[in-house]
Amino acid sequence: MMDVVSPRVKVAIRCKHCGEKFILKGRREKEKIDTGFKQCICNNEKDFDIETLDF
């Protein structure tokens, strides 16, 4: 049986604390996008703006 590969998406993550911006690719999992991103370089783990981008 073949595994179903979820579509890849490109996301921009901006930290609301320090303003650092990260561009990552992730996989769409139902309503959530999994990029593996854990925390900003300023140790912020929760307060981000996340936006999907076109390839």
# chains A, B, ... in the order shown; residues from 1 in each chain; ligands from 1
$ select_by_dssp --residues "chain A" --states "strand (DSSP E)" --output "VMD selection string"
chain A and resid 8 to 15 21 to 29 32 to 34 48 to 53
$ decode --residues "chain A" --atoms "C-alpha atoms" --output "mmCIF file, in the first residue's frame"
data_model
loop_
_atom_site.group_PDB
_atom_site.id
_atom_site.type_symbol
_atom_site.label_atom_id
_atom_site.label_comp_id
_atom_site.auth_asym_id
_atom_site.auth_seq_id
_atom_site.Cartn_x
_atom_site.Cartn_y
_atom_site.Cartn_z
ATOM 1 C CA MET A 1 0.000 0.000 0.000
ATOM 2 C CA MET A 2 1.383 3.437 -0.915
ATOM 3 C CA ASP A 3 1.682 6.265 1.584
ATOM 4 C CA VAL A 4 -0.185 9.426 0.665
ATOM 5 C CA VAL A 5 2.231 12.362 0.590
ATOM 6 C CA SER A 6 0.674 15.583 1.822
ATOM 7 C CA PRO A 7 1.317 18.650 -0.358
ATOM 8 C CA ARG A 8 4.317 20.819 0.448
ATOM 9 C CA VAL A 9 3.751 24.483 1.230
ATOM 10 C CA LYS A 10 6.105 27.416 1.729
ATOM 11 C CA VAL A 11 5.555 29.529 4.854
ATOM 12 C CA ALA A 12 6.914 32.771 6.229
ATOM 13 C CA ILE A 13 7.179 32.861 10.027
ATOM 14 C CA ARG A 14 7.807 36.239 11.681
ATOM 15 C CA CYS A 15 8.585 36.544 15.386
ATOM 16 C CA LYS A 16 6.370 39.114 17.115
ATOM 17 C CA HIS A 17 9.055 39.681 19.773
ATOM 18 C CA CYS A 18 12.221 40.459 17.784
ATOM 19 C CA GLY A 19 10.949 40.677 14.176
ATOM 20 C CA GLU A 20 13.184 37.885 12.827
ATOM 21 C CA LYS A 21 11.715 36.248 9.701
ATOM 22 C CA PHE A 22 12.086 32.614 8.627
ATOM 23 C CA ILE A 23 11.069 31.120 5.267
ATOM 24 C CA LEU A 24 10.427 27.371 5.527
ATOM 25 C CA LYS A 25 8.806 24.544 3.609
ATOM 26 C CA GLY A 26 6.373 22.282 5.386
ATOM 27 C CA ARG A 27 3.625 19.746 4.904
ATOM 28 C CA ARG A 28 -0.070 20.516 5.222
ATOM 29 C CA GLU A 29 -1.682 18.213 7.806
ATOM 30 C CA LYS A 30 -5.447 18.888 7.809
ATOM 31 C CA GLU A 31 -5.769 22.484 9.132
ATOM 32 C CA LYS A 32 -2.187 22.629 10.427
ATOM 33 C CA ILE A 33 1.125 23.109 8.611
ATOM 34 C CA ASP A 34 4.058 21.146 10.023
ATOM 35 C CA THR A 35 7.463 22.767 9.379
ATOM 36 C CA GLY A 36 9.370 21.432 12.372
ATOM 37 C CA PHE A 37 9.912 25.021 13.574
ATOM 38 C CA LYS A 38 10.272 25.112 17.381
ATOM 39 C CA GLN A 39 11.471 28.551 18.494
ATOM 40 C CA CYS A 40 13.014 31.819 17.365
ATOM 41 C CA ILE A 41 16.623 32.776 18.073
ATOM 42 C CA CYS A 42 15.268 35.086 20.834
ATOM 43 C CA ASN A 43 13.803 31.977 22.606
ATOM 44 C CA ASN A 44 10.182 32.894 21.714
ATOM 45 C CA GLU A 45 8.209 29.652 21.315
ATOM 46 C CA LYS A 46 4.620 30.824 20.819
ATOM 47 C CA ASP A 47 4.094 34.375 19.510
ATOM 48 C CA PHE A 48 4.457 34.322 15.685
ATOM 49 C CA ASP A 49 2.776 35.569 12.516
ATOM 50 C CA ILE A 50 2.553 32.660 10.057
ATOM 51 C CA GLU A 51 1.705 33.206 6.388
ATOM 52 C CA THR A 52 1.614 30.723 3.498
ATOM 53 C CA LEU A 53 3.487 31.779 0.350
ATOM 54 C CA ASP A 54 3.206 30.777 -3.308
ATOM 55 C CA PHE A 55 6.066 28.743 -4.793
#
